[in-house]
Structure formats: structure tokens, C-alpha cells
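Chemist: Okay, so here is my_file.pdb, and as you'll see once you scroll down, it has PDB, C-alpha atoms and all ligand atoms.
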```pdb
ATOM      1  CA  MET I   1     122.105 183.474 -32.773  1.00  0.00           C
ATOM      2  CA  THR I   2     118.673 185.015 -32.528  1.00  0.00           C
ATOM      3  CA  LEU I   3     117.357 187.536 -35.033  1.00  0.00           C
ATOM      4  CA  ILE I   4     117.758 190.362 -32.523  1.00  0.00           C
ATOM      5  CA  ALA I   5     121.337 189.310 -31.752  1.00  0.00           C
ATOM      6  CA  ASN I   6     122.085 189.229 -35.474  1.00  0.00           C
ATOM      7  CA  LEU I   7     120.543 192.673 -35.878  1.00  0.00           C
ATOM      8  CA  VAL I   8     122.644 194.006 -33.013  1.00  0.00           C
ATOM      9  CA  SER I   9     125.798 192.582 -34.672  1.00  0.00           C
ATOM     10  CA  LEU I  10     124.829 194.185 -37.965  1.00  0.00           C
ATOM     11  CA  HIS I  11     124.165 197.452 -36.153  1.00  0.00           C
ATOM     12  CA  GLN I  12     127.586 197.409 -34.514  1.00  0.00           C
ATOM     13  CA  VAL I  13     129.493 196.781 -37.716  1.00  0.00           C
ATOM     14  CA  ASP I  14     127.284 199.200 -39.667  1.00  0.00           C
ATOM     15  CA  THR I  15     127.911 201.968 -37.121  1.00  0.00           C
ATOM     16  CA  GLN I  16     131.662 201.482 -37.293  1.00  0.00           C
ATOM     17  CA  ALA I  17     131.678 201.476 -41.104  1.00  0.00           C
ATOM     18  CA  ARG I  18     129.541 204.634 -41.187  1.00  0.00           C
ATOM     19  CA  ALA I  19     131.828 206.427 -38.741  1.00  0.00           C
ATOM     20  CA  LEU I  20     134.885 205.617 -40.857  1.00  0.00           C
ATOM     21  CA  ARG I  21     133.142 206.601 -44.079  1.00  0.00           C
ATOM     22  CA  SER I  22     131.988 209.902 -42.620  1.00  0.00           C
ATOM     23  CA  ARG I  23     135.521 210.634 -41.364  1.00  0.00           C
ATOM     24  CA  LEU I  24     136.834 210.016 -44.865  1.00  0.00           C
ATOM     25  CA  GLU I  25     134.035 212.054 -46.434  1.00  0.00           C
ATOM     26  CA  ALA I  26     134.711 214.975 -44.086  1.00  0.00           C
ATOM     27  CA  ALA I  27     138.386 214.972 -45.098  1.00  0.00           C
ATOM     28  CA  GLU I  28     137.394 214.825 -48.749  1.00  0.00           C
ATOM     29  CA  ARG I  29     134.850 217.637 -48.374  1.00  0.00           C
ATOM     30  CA  HIS I  30     137.464 219.810 -46.700  1.00  0.00           C
ATOM     31  CA  LYS I  31     139.938 219.080 -49.496  1.00  0.00           C
ATOM     32  CA  THR I  32     137.362 219.810 -52.229  1.00  0.00           C
ATOM     33  CA  LEU I  33     136.309 223.073 -50.576  1.00  0.00           C
ATOM     34  CA  GLN I  34     139.899 224.277 -50.294  1.00  0.00           C
ATOM     35  CA  GLU I  35     140.597 223.296 -53.898  1.00  0.00           C
ATOM     36  CA  ARG I  36     137.513 225.182 -55.074  1.00  0.00           C
ATOM     37  CA  GLN I  37     138.589 228.304 -53.210  1.00  0.00           C
ATOM     38  CA  ALA I  38     142.085 228.001 -54.666  1.00  0.00           C
ATOM     39  CA  THR I  39     140.602 227.764 -58.164  1.00  0.00           C
ATOM     40  CA  GLN I  40     138.461 230.851 -57.518  1.00  0.00           C
ATOM     41  CA  LEU I  41     141.527 232.788 -56.403  1.00  0.00           C
ATOM     42  CA  GLN I  42     143.394 231.622 -59.490  1.00  0.00           C
ATOM     43  CA  THR I  43     140.532 232.781 -61.726  1.00  0.00           C
ATOM     44  CA  ARG I  44     140.505 236.145 -59.964  1.00  0.00           C
ATOM     45  CA  THR I  45     144.284 236.432 -60.421  1.00  0.00           C
ATOM     46  CA  ASP I  46     143.941 235.729 -64.148  1.00  0.00           C
ATOM     47  CA  GLU I  47     141.156 238.317 -64.454  1.00  0.00           C
ATOM     48  CA  VAL I  48     143.157 241.050 -62.717  1.00  0.00           C
ATOM     49  CA  ARG I  49     146.242 240.221 -64.808  1.00  0.00           C
ATOM     50  CA  ALA I  50     144.160 240.557 -67.986  1.00  0.00           C
ATOM     51  CA  GLN I  51     142.773 243.904 -66.771  1.00  0.00           C
ATOM     52  CA  ILE I  52     146.296 245.166 -66.098  1.00  0.00           C
ATOM     53  CA  ARG I  53     147.431 244.111 -69.582  1.00  0.00           C
ATOM     54  CA  HIS I  54     144.397 245.857 -71.054  1.00  0.00           C
ATOM     55  CA  HIS I  55     145.174 249.168 -69.306  1.00  0.00           C
ATOM     56  CA  GLN I  56     148.861 248.910 -70.142  1.00  0.00           C
ATOM     57  CA  SER I  57     148.170 248.379 -73.817  1.00  0.00           C
ATOM     58  CA  ALA I  58     145.642 251.255 -73.842  1.00  0.00           C
ATOM     59  CA  ALA I  59     148.330 253.475 -72.269  1.00  0.00           C
ATOM     60  CA  ALA I  60     150.860 252.317 -74.900  1.00  0.00           C
ATOM     61  CA  ASN I  61     148.396 253.179 -77.684  1.00  0.00           C
ATOM     62  CA  HIS I  62     147.856 256.647 -76.244  1.00  0.00           C
ATOM     63  CA  GLU I  63     151.611 257.136 -75.899  1.00  0.00           C
ATOM     64  CA  ALA I  64     152.138 256.173 -79.539  1.00  0.00           C
ATOM     65  CA  GLU I  65     149.410 258.587 -80.628  1.00  0.00           C
ATOM     66  CA  SER I  66     150.930 261.330 -78.482  1.00  0.00           C
ATOM     67  CA  GLY I  67     154.302 260.607 -80.129  1.00  0.00           C
ATOM     68  CA  SER I  68     152.910 260.985 -83.618  1.00  0.00           C
ATOM     69  CA  VAL I  69     151.139 264.255 -82.695  1.00  0.00           C
ATOM     70  CA  ASP I  70     154.442 265.423 -81.253  1.00  0.00           C
ATOM     71  CA  ALA I  71     156.252 264.560 -84.495  1.00  0.00           C
ATOM     72  CA  ARG I  72     153.657 266.570 -86.392  1.00  0.00           C
ATOM     73  CA  VAL I  73     154.272 269.551 -84.020  1.00  0.00           C
ATOM     74  CA  GLU I  74     158.026 269.290 -84.634  1.00  0.00           C
ATOM     75  CA  ALA I  75     157.477 269.184 -88.389  1.00  0.00           C
ATOM     76  CA  LEU I  76     155.326 272.325 -88.094  1.00  0.00           C
ATOM     77  CA  ARG I  77     158.038 273.989 -86.020  1.00  0.00           C
ATOM     78  CA  GLY I  78     160.428 273.484 -88.935  1.00  0.00           C
ATOM     79  CA  GLN I  79     157.884 275.012 -91.299  1.00  0.00           C
ATOM     80  CA  LEU I  80     157.329 277.860 -88.852  1.00  0.00           C
ATOM     81  CA  ASN I  81     161.020 278.696 -88.731  1.00  0.00           C
ATOM     82  CA  ALA I  82     161.248 278.611 -92.521  1.00  0.00           C
ATOM     83  CA  SER I  83     158.100 280.671 -93.006  1.00  0.00           C
ATOM     84  CA  THR I  84     158.443 284.204 -94.379  1.00  0.00           C
ATOM     85  CA  ASN I  85     154.761 284.878 -94.928  1.00  0.00           C
ATOM     86  CA  PRO I  86     153.071 286.335 -91.747  1.00  0.00           C
ATOM     87  CA  ARG I  87     149.655 284.844 -92.551  1.00  0.00           C
ATOM     88  CA  GLN I  88     151.146 281.426 -93.142  1.00  0.00           C
ATOM     89  CA  TYR I  89     153.209 281.876 -89.953  1.00  0.00           C
ATOM     90  CA  SER I  90     150.176 282.537 -87.771  1.00  0.00           C
ATOM     91  CA  ALA I  91     148.221 279.684 -89.392  1.00  0.00           C
ATOM     92  CA  ILE I  92     151.084 277.261 -88.607  1.00  0.00           C
ATOM     93  CA  LEU I  93     151.315 278.605 -85.056  1.00  0.00           C
ATOM     94  CA  ALA I  94     147.570 278.135 -84.509  1.00  0.00           C
ATOM     95  CA  GLU I  95     147.751 274.544 -85.784  1.00  0.00           C
ATOM     96  CA  MET I  96     150.701 273.843 -83.533  1.00  0.00           C
ATOM     97  CA  LYS I  97     148.775 275.095 -80.501  1.00  0.00           C
ATOM     98  CA  THR I  98     145.743 272.949 -81.373  1.00  0.00           C
ATOM     99  CA  LEU I  99     147.986 269.905 -81.758  1.00  0.00           C
ATOM    100  CA  GLN I 100     149.790 270.591 -78.480  1.00  0.00           C
ATOM    101  CA  THR I 101     146.453 270.797 -76.638  1.00  0.00           C
ATOM    102  CA  LYS I 102     145.417 267.539 -78.265  1.00  0.00           C
ATOM    103  CA  ARG I 103     148.721 265.919 -77.256  1.00  0.00           C
ATOM    104  CA  ASP I 104     148.265 267.025 -73.632  1.00  0.00           C
ATOM    105  CA  GLU I 105     144.811 265.473 -73.581  1.00  0.00           C
ATOM    106  CA  ILE I 106     146.192 262.222 -74.985  1.00  0.00           C
ATOM    107  CA  ASP I 107     148.983 262.250 -72.393  1.00  0.00           C
ATOM    108  CA  GLU I 108     146.390 262.574 -69.634  1.00  0.00           C
ATOM    109  CA  LEU I 109     144.495 259.591 -71.009  1.00  0.00           C
ATOM    110  CA  ALA I 110     147.715 257.571 -71.051  1.00  0.00           C
ATOM    111  CA  LEU I 111     148.455 258.579 -67.475  1.00  0.00           C
ATOM    112  CA  ALA I 112     144.969 257.612 -66.311  1.00  0.00           C
ATOM    113  CA  GLN I 113     145.376 254.159 -67.877  1.00  0.00           C
ATOM    114  CA  LEU I 114     148.772 253.704 -66.207  1.00  0.00           C
ATOM    115  CA  GLN I 115     147.308 254.701 -62.845  1.00  0.00           C
ATOM    116  CA  LYS I 116     144.542 252.128 -63.215  1.00  0.00           C
ATOM    117  CA  ALA I 117     147.147 249.485 -64.080  1.00  0.00           C
ATOM    118  CA  GLU I 118     149.140 250.452 -61.003  1.00  0.00           C
ATOM    119  CA  GLU I 119     146.131 250.250 -58.680  1.00  0.00           C
ATOM    120  CA  LEU I 120     145.310 246.817 -60.055  1.00  0.00           C
ATOM    121  CA  GLN I 121     148.926 245.768 -59.601  1.00  0.00           C
ATOM    122  CA  SER I 122     148.699 246.245 -55.822  1.00  0.00           C
ATOM    123  CA  LYS I 123     145.379 244.403 -55.800  1.00  0.00           C
ATOM    124  CA  LEU I 124     147.045 241.587 -57.755  1.00  0.00           C
ATOM    125  CA  THR I 125     149.868 241.340 -55.213  1.00  0.00           C
ATOM    126  CA  GLU I 126     147.256 240.951 -52.474  1.00  0.00           C
ATOM    127  CA  ILE I 127     145.352 238.230 -54.346  1.00  0.00           C
ATOM    128  CA  GLU I 128     148.589 236.413 -55.192  1.00  0.00           C
ATOM    129  CA  GLN I 129     149.462 236.325 -51.493  1.00  0.00           C
ATOM    130  CA  GLN I 130     146.041 234.902 -50.692  1.00  0.00           C
ATOM    131  CA  ALA I 131     146.480 232.335 -53.467  1.00  0.00           C
ATOM    132  CA  ALA I 132     149.879 231.298 -52.109  1.00  0.00           C
ATOM    133  CA  GLU I 133     148.444 230.849 -48.613  1.00  0.00           C
ATOM    134  CA  ARG I 134     145.481 228.919 -49.994  1.00  0.00           C
ATOM    135  CA  ALA I 135     147.830 226.658 -51.950  1.00  0.00           C
ATOM    136  CA  LYS I 136     149.487 225.665 -48.670  1.00  0.00           C
ATOM    137  CA  VAL I 137     146.089 224.887 -47.113  1.00  0.00           C
ATOM    138  CA  VAL I 138     145.198 222.799 -50.191  1.00  0.00           C
ATOM    139  CA  ASP I 139     148.440 220.838 -49.841  1.00  0.00           C
ATOM    140  CA  SER I 140     147.799 220.060 -46.191  1.00  0.00           C
ATOM    141  CA  ALA I 141     144.135 219.177 -46.885  1.00  0.00           C
ATOM    142  CA  LYS I 142     145.304 216.794 -49.621  1.00  0.00           C
ATOM    143  CA  SER I 143     147.842 215.098 -47.417  1.00  0.00           C
ATOM    144  CA  GLU I 144     145.323 214.864 -44.560  1.00  0.00           C
ATOM    145  CA  PHE I 145     142.868 213.236 -46.941  1.00  0.00           C
ATOM    146  CA  ASN I 146     145.476 210.800 -48.265  1.00  0.00           C
ATOM    147  CA  THR I 147     146.574 209.878 -44.744  1.00  0.00           C
ATOM    148  CA  CYS I 148     142.959 209.394 -43.696  1.00  0.00           C
ATOM    149  CA  ARG I 149     142.239 207.271 -46.771  1.00  0.00           C
ATOM    150  CA  GLY I 150     145.347 205.180 -46.106  1.00  0.00           C
ATOM    151  CA  GLU I 151     144.343 204.604 -42.496  1.00  0.00           C
ATOM    152  CA  VAL I 152     140.696 203.976 -43.185  1.00  0.00           C
ATOM    153  CA  ALA I 153     140.675 202.061 -46.476  1.00  0.00           C
ATOM    154  CA  GLU I 154     141.746 198.657 -45.221  1.00  0.00           C
ATOM    155  CA  ARG I 155     139.630 198.734 -42.074  1.00  0.00           C
ATOM    156  CA  LEU I 156     136.650 199.972 -44.057  1.00  0.00           C
ATOM    157  CA  ALA I 157     136.985 197.195 -46.634  1.00  0.00           C
ATOM    158  CA  SER I 158     137.005 194.544 -43.922  1.00  0.00           C
ATOM    159  CA  LEU I 159     134.096 196.206 -42.099  1.00  0.00           C
ATOM    160  CA  GLU I 160     132.119 196.239 -45.312  1.00  0.00           C
ATOM    161  CA  GLN I 161     132.770 192.523 -45.741  1.00  0.00           C
ATOM    162  CA  GLU I 162     131.646 191.944 -42.176  1.00  0.00           C
ATOM    163  CA  ARG I 163     128.589 194.078 -42.805  1.00  0.00           C
ATOM    164  CA  THR I 164     127.669 192.045 -45.876  1.00  0.00           C
ATOM    165  CA  ALA I 165     128.070 188.830 -43.893  1.00  0.00           C
ATOM    166  CA  ALA I 166     126.008 190.194 -40.994  1.00  0.00           C
ATOM    167  CA  ALA I 167     123.303 191.449 -43.359  1.00  0.00           C
ATOM    168  CA  ALA I 168     123.112 188.027 -45.025  1.00  0.00           C
ATOM    169  CA  ARG I 169     121.945 186.556 -41.718  1.00  0.00           C
ATOM    170  CA  ILE I 170     118.900 188.871 -41.558  1.00  0.00           C
ATOM    171  CA  PRO I 171     115.628 188.023 -43.363  1.00  0.00           C
ATOM    172  CA  ARG I 172     114.662 190.416 -46.147  1.00  0.00           C
ATOM    173  CA  ASN I 173     111.842 192.336 -44.429  1.00  0.00           C
ATOM    174  CA  GLU I 174     113.808 192.938 -41.247  1.00  0.00           C
ATOM    175  CA  LEU I 175     116.869 193.964 -43.268  1.00  0.00           C
ATOM    176  CA  GLU I 176     114.784 196.482 -45.174  1.00  0.00           C
ATOM    177  CA  ALA I 177     113.422 197.898 -41.917  1.00  0.00           C
ATOM    178  CA  PHE I 178     116.965 198.098 -40.591  1.00  0.00           C
ATOM    179  CA  ASN I 179     118.313 199.845 -43.706  1.00  0.00           C
ATOM    180  CA  ARG I 180     115.419 202.279 -43.754  1.00  0.00           C
ATOM    181  CA  ALA I 181     115.963 203.290 -40.139  1.00  0.00           C
ATOM    182  CA  ALA I 182     119.744 203.401 -40.623  1.00  0.00           C
ATOM    183  CA  ASP I 183     119.400 205.794 -43.539  1.00  0.00           C
ATOM    184  CA  LEU I 184     116.854 207.892 -41.687  1.00  0.00           C
ATOM    185  CA  TYR I 185     118.892 208.206 -38.484  1.00  0.00           C
ATOM    186  CA  GLU I 186     122.432 208.248 -39.884  1.00  0.00           C
ATOM    187  CA  GLY I 187     123.155 204.703 -38.866  1.00  0.00           C
ATOM    188  CA  GLU I 188     121.230 204.712 -35.615  1.00  0.00           C
ATOM    189  CA  ALA I 189     118.879 201.972 -36.774  1.00  0.00           C
ATOM    190  CA  MET I 190     118.400 200.363 -33.389  1.00  0.00           C
ATOM    191  CA  ALA I 191     117.316 201.597 -30.001  1.00  0.00           C
ATOM    192  CA  GLU I 192     117.362 200.062 -26.590  1.00  0.00           C
ATOM    193  CA  LEU I 193     114.015 199.277 -25.059  1.00  0.00           C
ATOM    194  CA  VAL I 194     114.385 200.959 -21.677  1.00  0.00           C
ATOM    195  CA  THR I 195     112.460 199.778 -18.652  1.00  0.00           C
ATOM    196  CA  ILE I 196     111.314 202.752 -16.598  1.00  0.00           C
ATOM    197  CA  ASP I 197     109.261 200.816 -14.130  1.00  0.00           C
ATOM    198  CA  ALA I 198     108.837 197.057 -14.578  1.00  0.00           C
ATOM    199  CA  ARG I 199     106.094 196.759 -11.997  1.00  0.00           C
ATOM    200  CA  ARG I 200     104.003 199.436 -13.639  1.00  0.00           C
ATOM    201  CA  ARG I 201     104.995 198.116 -17.061  1.00  0.00           C
ATOM    202  CA  GLU I 202     106.419 201.453 -18.180  1.00  0.00           C
ATOM    203  CA  TYR I 203     108.813 201.308 -21.100  1.00  0.00           C
ATOM    204  CA  VAL I 204     110.346 203.895 -23.454  1.00  0.00           C
ATOM    205  CA  CYS I 205     112.422 203.913 -26.616  1.00  0.00           C
ATOM    206  CA  GLY I 206     116.044 204.667 -25.705  1.00  0.00           C
ATOM    207  CA  ALA I 207     116.497 206.796 -28.837  1.00  0.00           C
ATOM    208  CA  CYS I 208     113.372 208.950 -29.096  1.00  0.00           C
ATOM    209  CA  ASN I 209     112.246 208.570 -25.451  1.00  0.00           C
ATOM    210  CA  MET I 210     108.642 207.989 -26.414  1.00  0.00           C
ATOM    211  CA  GLU I 211     106.583 205.643 -24.329  1.00  0.00           C
ATOM    212  CA  LEU I 212     106.224 202.108 -25.661  1.00  0.00           C
ATOM    213  CA  PRO I 213     103.237 199.790 -25.211  1.00  0.00           C
ATOM    214  CA  ALA I 214     103.970 197.001 -22.738  1.00  0.00           C
ATOM    215  CA  GLU I 215     103.285 194.434 -25.483  1.00  0.00           C
ATOM    216  CA  LYS I 216     106.490 195.521 -27.217  1.00  0.00           C
ATOM    217  CA  TYR I 217     108.480 194.545 -24.155  1.00  0.00           C
ATOM    218  CA  ALA I 218     106.528 191.341 -23.721  1.00  0.00           C
ATOM    219  CA  SER I 219     107.134 190.342 -27.322  1.00  0.00           C
ATOM    220  CA  LEU I 220     110.848 191.084 -27.226  1.00  0.00           C
ATOM    221  CA  ALA I 221     111.354 189.443 -23.846  1.00  0.00           C
ATOM    222  CA  SER I 222     109.605 186.269 -24.906  1.00  0.00           C
ATOM    223  CA  ASN I 223     110.829 185.928 -28.489  1.00  0.00           C
ATOM    224  CA  GLN I 224     114.160 187.205 -29.707  1.00  0.00           C
ATOM    225  CA  ASP I 225     113.406 186.030 -33.223  1.00  0.00           C
ATOM    226  CA  VAL I 226     110.752 188.640 -33.963  1.00  0.00           C
ATOM    227  CA  ALA I 227     111.802 192.206 -34.680  1.00  0.00           C
ATOM    228  CA  VAL I 228     109.904 194.879 -32.761  1.00  0.00           C
ATOM    229  CA  THR I 229     110.062 198.509 -33.767  1.00  0.00           C
ATOM    230  CA  CYS I 230     109.419 201.716 -31.851  1.00  0.00           C
ATOM    231  CA  THR I 231     105.920 203.051 -32.431  1.00  0.00           C
ATOM    232  CA  SER I 232     107.222 206.587 -32.870  1.00  0.00           C
ATOM    233  CA  CYS I 233     110.607 206.469 -34.601  1.00  0.00           C
ATOM    234  CA  HIS I 234     110.471 202.946 -36.101  1.00  0.00           C
ATOM    235  CA  ARG I 235     113.929 202.023 -34.908  1.00  0.00           C
ATOM    236  CA  ILE I 236     114.344 198.316 -34.196  1.00  0.00           C
ATOM    237  CA  LEU I 237     114.270 197.696 -30.466  1.00  0.00           C
ATOM    238  CA  PHE I 238     116.568 195.503 -28.428  1.00  0.00           C
ATOM    239  CA  LEU I 239     116.831 194.688 -24.746  1.00  0.00           C
ATOM    240  CA  PRO I 240     120.006 195.846 -22.982  1.00  0.00           C
ATOM    241  CA  GLN I 241     121.149 192.300 -22.174  1.00  0.00           C
ATOM    242  CA  VAL I 242     121.334 191.451 -25.907  1.00  0.00           C
ATOM    243  CA  ALA I 243     123.671 194.368 -26.599  1.00  0.00           C
ATOM    244  CA  ALA I 244     125.804 193.471 -23.598  1.00  0.00           C
ATOM    245  CA  THR I 245     126.261 189.910 -24.821  1.00  0.00           C
ATOM    246  CA  HIS I 246     127.421 190.922 -28.273  1.00  0.00           C
ATOM    247  CA  SER I 247     129.396 194.135 -27.803  1.00  0.00           C
TER
HETATM  248 ZN    ZN I 301     111.793 205.554 -30.854  1.00  0.00          ZN
END
```
Represent the supplied structure as C-alpha cells.

Modeler:
Amino acid sequence: MTLIANLVSLHQVDTQARALRSRLEAAERHKTLQERQATQLQTRTDEVRAQIRHHQSAAANHEAESGSVDARVEALRGQLNASTNPRQYSAILAEMKTLQTKRDEIDELALAQLQKAEELQSKLTEIEQQAAERAKVVDSAKSEFNTCRGEVAERLASLEQERTAAAARIPRNELEAFNRAADLYEGEAMAELVTIDARRREYVCGACNMELPAEKYASLASNQDVAVTCTSCHRILFLPQVAATHS
């Protein structure tokens, strides 16, 4: 086989391997993205749960404080009932009133904390629903990825072997040019040299559509063992009949 024919074979197997790899990569990207979003939702769930616990424990502290103020009020009530001295009586009464006001304030604080906890609880329910839905999407993304990997793995391994074999038939410089163009154009390393008008010797690159000097055609038509690249995009050129023979 000529150099150009070998390059065309390499191009064909390289294109197929790239397509399979990118299919697999797309499935993996989708899976990773879904997993990341699921993790974010889980983190958010944990945060809201911690906030709820915080407000609940603040409310419990206020309730305990209110209880002890209340006990003090009850103790004073006992003293009040036993009191025979009017000055002592009014002093106890005044203290009781102060304590009752304080208790009411504490009760309001407790209530405010409980309300915050309740608001967060409905937010939590919402996030938990989102997390449950996301978990389903993650499961299907995982199974899609596994199916894709199962389908692709074997074919990809054999294509990569074929690619290695095809690459081994190309001299070093030409292989480097091929790899460079393949990386640059996502696998589209080769382009057809298109004849626009043979009589006027008008030729273009089939990939970038830029005009090609007639010498490029002359070289390729006369010697299939010399690689010719497009002046503009540097893809390796081939004549349509070469592709037809080997596809
Ligand atoms: Zn070009």
C-alpha cells in the first residue's frame, strides 16, 4: 500500500476509535455531573438539618430557662401567701411581676426559634424531594454509562490495536503531522483534495475550502508515497479515489 493509502486507513480507524471514546466520555461526563449535583444536594440537606437542630436546641434552652423562672415565681407565690408584712408583700409582688415579664420575653424567644425550625423543616422537605429525584437520575446515568462502557470497551480495544498497527506503517514525520492535525481538528486529520475545475487547474481543500496550488494536486496525483498537506489548515490531503478504494 502507498503512504497515502496507509494514512487513509489510519484515519478511518482513528476516526472510529475517537467517536467511540467521545461517546463513552459523554456518558461519563453526564454521570459525573449528576453525581456532583447529588452531592451538592446532600450537603445542602445536611446543612439545613444542622440549622434545624440548632434552632430546636436554642428553643429547648429557652424553654428550660422559662421553666426555672416559672418555678421561682411559684416559690414567690408561696412566700406571698404566707407574708403578713405589707412592705414585704409588695416587694414580693413586684419581684413576681418582673420575673413574669422576663418569662414572657423568654417564651417569645423560644417561639421564634421554633418558628425558624419549622420554616426550615418545609425547606428541608423540598430539598429532600429534589435529592430523591436526583438520586434516580444518578442511577440511570450510572447504568447508561455502564451499558455504554460494556458495548464500547471491546470494540474500542480492537480499534486501538488496529490503530497501533496502522500507525506502525507510517514513517515518523508523517505520523507526527497526522497526530498533530488529528488533535487540532478532533480527529479530522485528513481532507480530500477537491478538483473544482481540472482544465483551469483549480483545486480546494475539502475541509477548509481554501484554494490549493496546482502543484499539490500534481504531486499527489503522481506520487502517492509523499504526504501533501493543505496550505491553510495543514490537514493531510488525499485524492477521492484513494478513499474509495480503502473505505
Ligand atoms: Zn485545508

Chemist: Translate the PyMOL selection byres (((chain I and resi 114) around 9) and not hetatm) into a concrete residue list for this structure, as a PyMOL selection string.

Modeler: chain I and resi 52+55-56+58-59+109-113+115-119

Chemist: Please, which residues are within 12 Å of (124.8, 196.3, -35.9) by the file's coordinates, counting only C-alpha atoms, and could they come as a PyMOL selection string?

Modeler: chain I and resi 3-18+159-160+162-167+169-170+175+178-179+182+187-191+236-238+242-243+246-247

Chemist: Once you have the residues from the selection above, write them out as a CSV table (one decimal), in the coordinates of the input, restricted to C-alpha atoms.

Modeler:
```csv
chain,number,residue,atom,x,y,z
I,3,LEU,CA,117.4,187.5,-35.0
I,4,ILE,CA,117.8,190.4,-32.5
I,5,ALA,CA,121.3,189.3,-31.8
I,6,ASN,CA,122.1,189.2,-35.5
I,7,LEU,CA,120.5,192.7,-35.9
I,8,VAL,CA,122.6,194.0,-33.0
I,9,SER,CA,125.8,192.6,-34.7
I,10,LEU,CA,124.8,194.2,-38.0
I,11,HIS,CA,124.2,197.5,-36.2
I,12,GLN,CA,127.6,197.4,-34.5
I,13,VAL,CA,129.5,196.8,-37.7
I,14,ASP,CA,127.3,199.2,-39.7
I,15,THR,CA,127.9,202.0,-37.1
I,16,GLN,CA,131.7,201.5,-37.3
I,17,ALA,CA,131.7,201.5,-41.1
I,18,ARG,CA,129.5,204.6,-41.2
I,159,LEU,CA,134.1,196.2,-42.1
I,160,GLU,CA,132.1,196.2,-45.3
I,162,GLU,CA,131.6,191.9,-42.2
I,163,ARG,CA,128.6,194.1,-42.8
I,164,THR,CA,127.7,192.0,-45.9
I,165,ALA,CA,128.1,188.8,-43.9
I,166,ALA,CA,126.0,190.2,-41.0
I,167,ALA,CA,123.3,191.4,-43.4
I,169,ARG,CA,121.9,186.6,-41.7
I,170,ILE,CA,118.9,188.9,-41.6
I,175,LEU,CA,116.9,194.0,-43.3
I,178,PHE,CA,117.0,198.1,-40.6
I,179,ASN,CA,118.3,199.8,-43.7
I,182,ALA,CA,119.7,203.4,-40.6
I,187,GLY,CA,123.2,204.7,-38.9
I,188,GLU,CA,121.2,204.7,-35.6
I,189,ALA,CA,118.9,202.0,-36.8
I,190,MET,CA,118.4,200.4,-33.4
I,191,ALA,CA,117.3,201.6,-30.0
I,236,ILE,CA,114.3,198.3,-34.2
I,237,LEU,CA,114.3,197.7,-30.5
I,238,PHE,CA,116.6,195.5,-28.4
I,242,VAL,CA,121.3,191.5,-25.9
I,243,ALA,CA,123.7,194.4,-26.6
I,246,HIS,CA,127.4,190.9,-28.3
I,247,SER,CA,129.4,194.1,-27.8
```

Chemist: Kindly assemble as a tab-separated table a list of the chain I residues that lie within 7 Å of ligand ZN 301 (chain I), each paired with its nearest atom pair and their distance in Å to one decimal, using all atoms listed in the file, sorted first by chain and then by ascending residue number.

Modeler:
```
residue	atom	partner	partner_atom	distance
I:Ala191	CA	I:ZN301	ZN	6.8
I:Cys205	CA	I:ZN301	ZN	4.6
I:Gly206	CA	I:ZN301	ZN	6.7
I:Ala207	CA	I:ZN301	ZN	5.3
I:Cys208	CA	I:ZN301	ZN	4.1
I:Asn209	CA	I:ZN301	ZN	6.2
I:Met210	CA	I:ZN301	ZN	6.0
I:Cys230	CA	I:ZN301	ZN	4.6
I:Thr231	CA	I:ZN301	ZN	6.6
I:Ser232	CA	I:ZN301	ZN	5.1
I:Cys233	CA	I:ZN301	ZN	4.0
I:His234	CA	I:ZN301	ZN	6.0
I:Arg235	CA	I:ZN301	ZN	5.8
```

Chemist: Using the chain letters and numbering of this document, enumerate as a list in words the residues selected by the PyMOL selection byres (((chain I and resi 135) around 12) and not hetatm).

Modeler: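 Output of the PyMOL selection byres (((chain I and resi 135) around 12) and not hetatm): Lys31, Gln34, Glu35, Arg36, Gln37, Ala38, Thr39, Gln40, Leu41, Gln42, Glu128, Gln129, Gln130, Ala131, Ala132, Glu133, Arg134, Lys136, Val137, Val138, Asp139, Ser140, Ala141 and Lys142 of chain I.
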
Chemist: To one decimal place, how far is atom CA of I:Glu174 from atom CA of I:Leu193 in Å?

Modeler: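 Rounded to one decimal, the two atoms are 17.4 Å apart.
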
Chemist: I need the residue nearest I:Ser66 from this list: I:Thr101, I:Ser83, I:Gln121, I:Thr32. Use all atoms listed in the file for the distance.

Modeler: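 Ranking I:Thr101, I:Ser83, I:Gln121, I:Thr32 by distance to I:Ser66, first place goes to I:Thr101.
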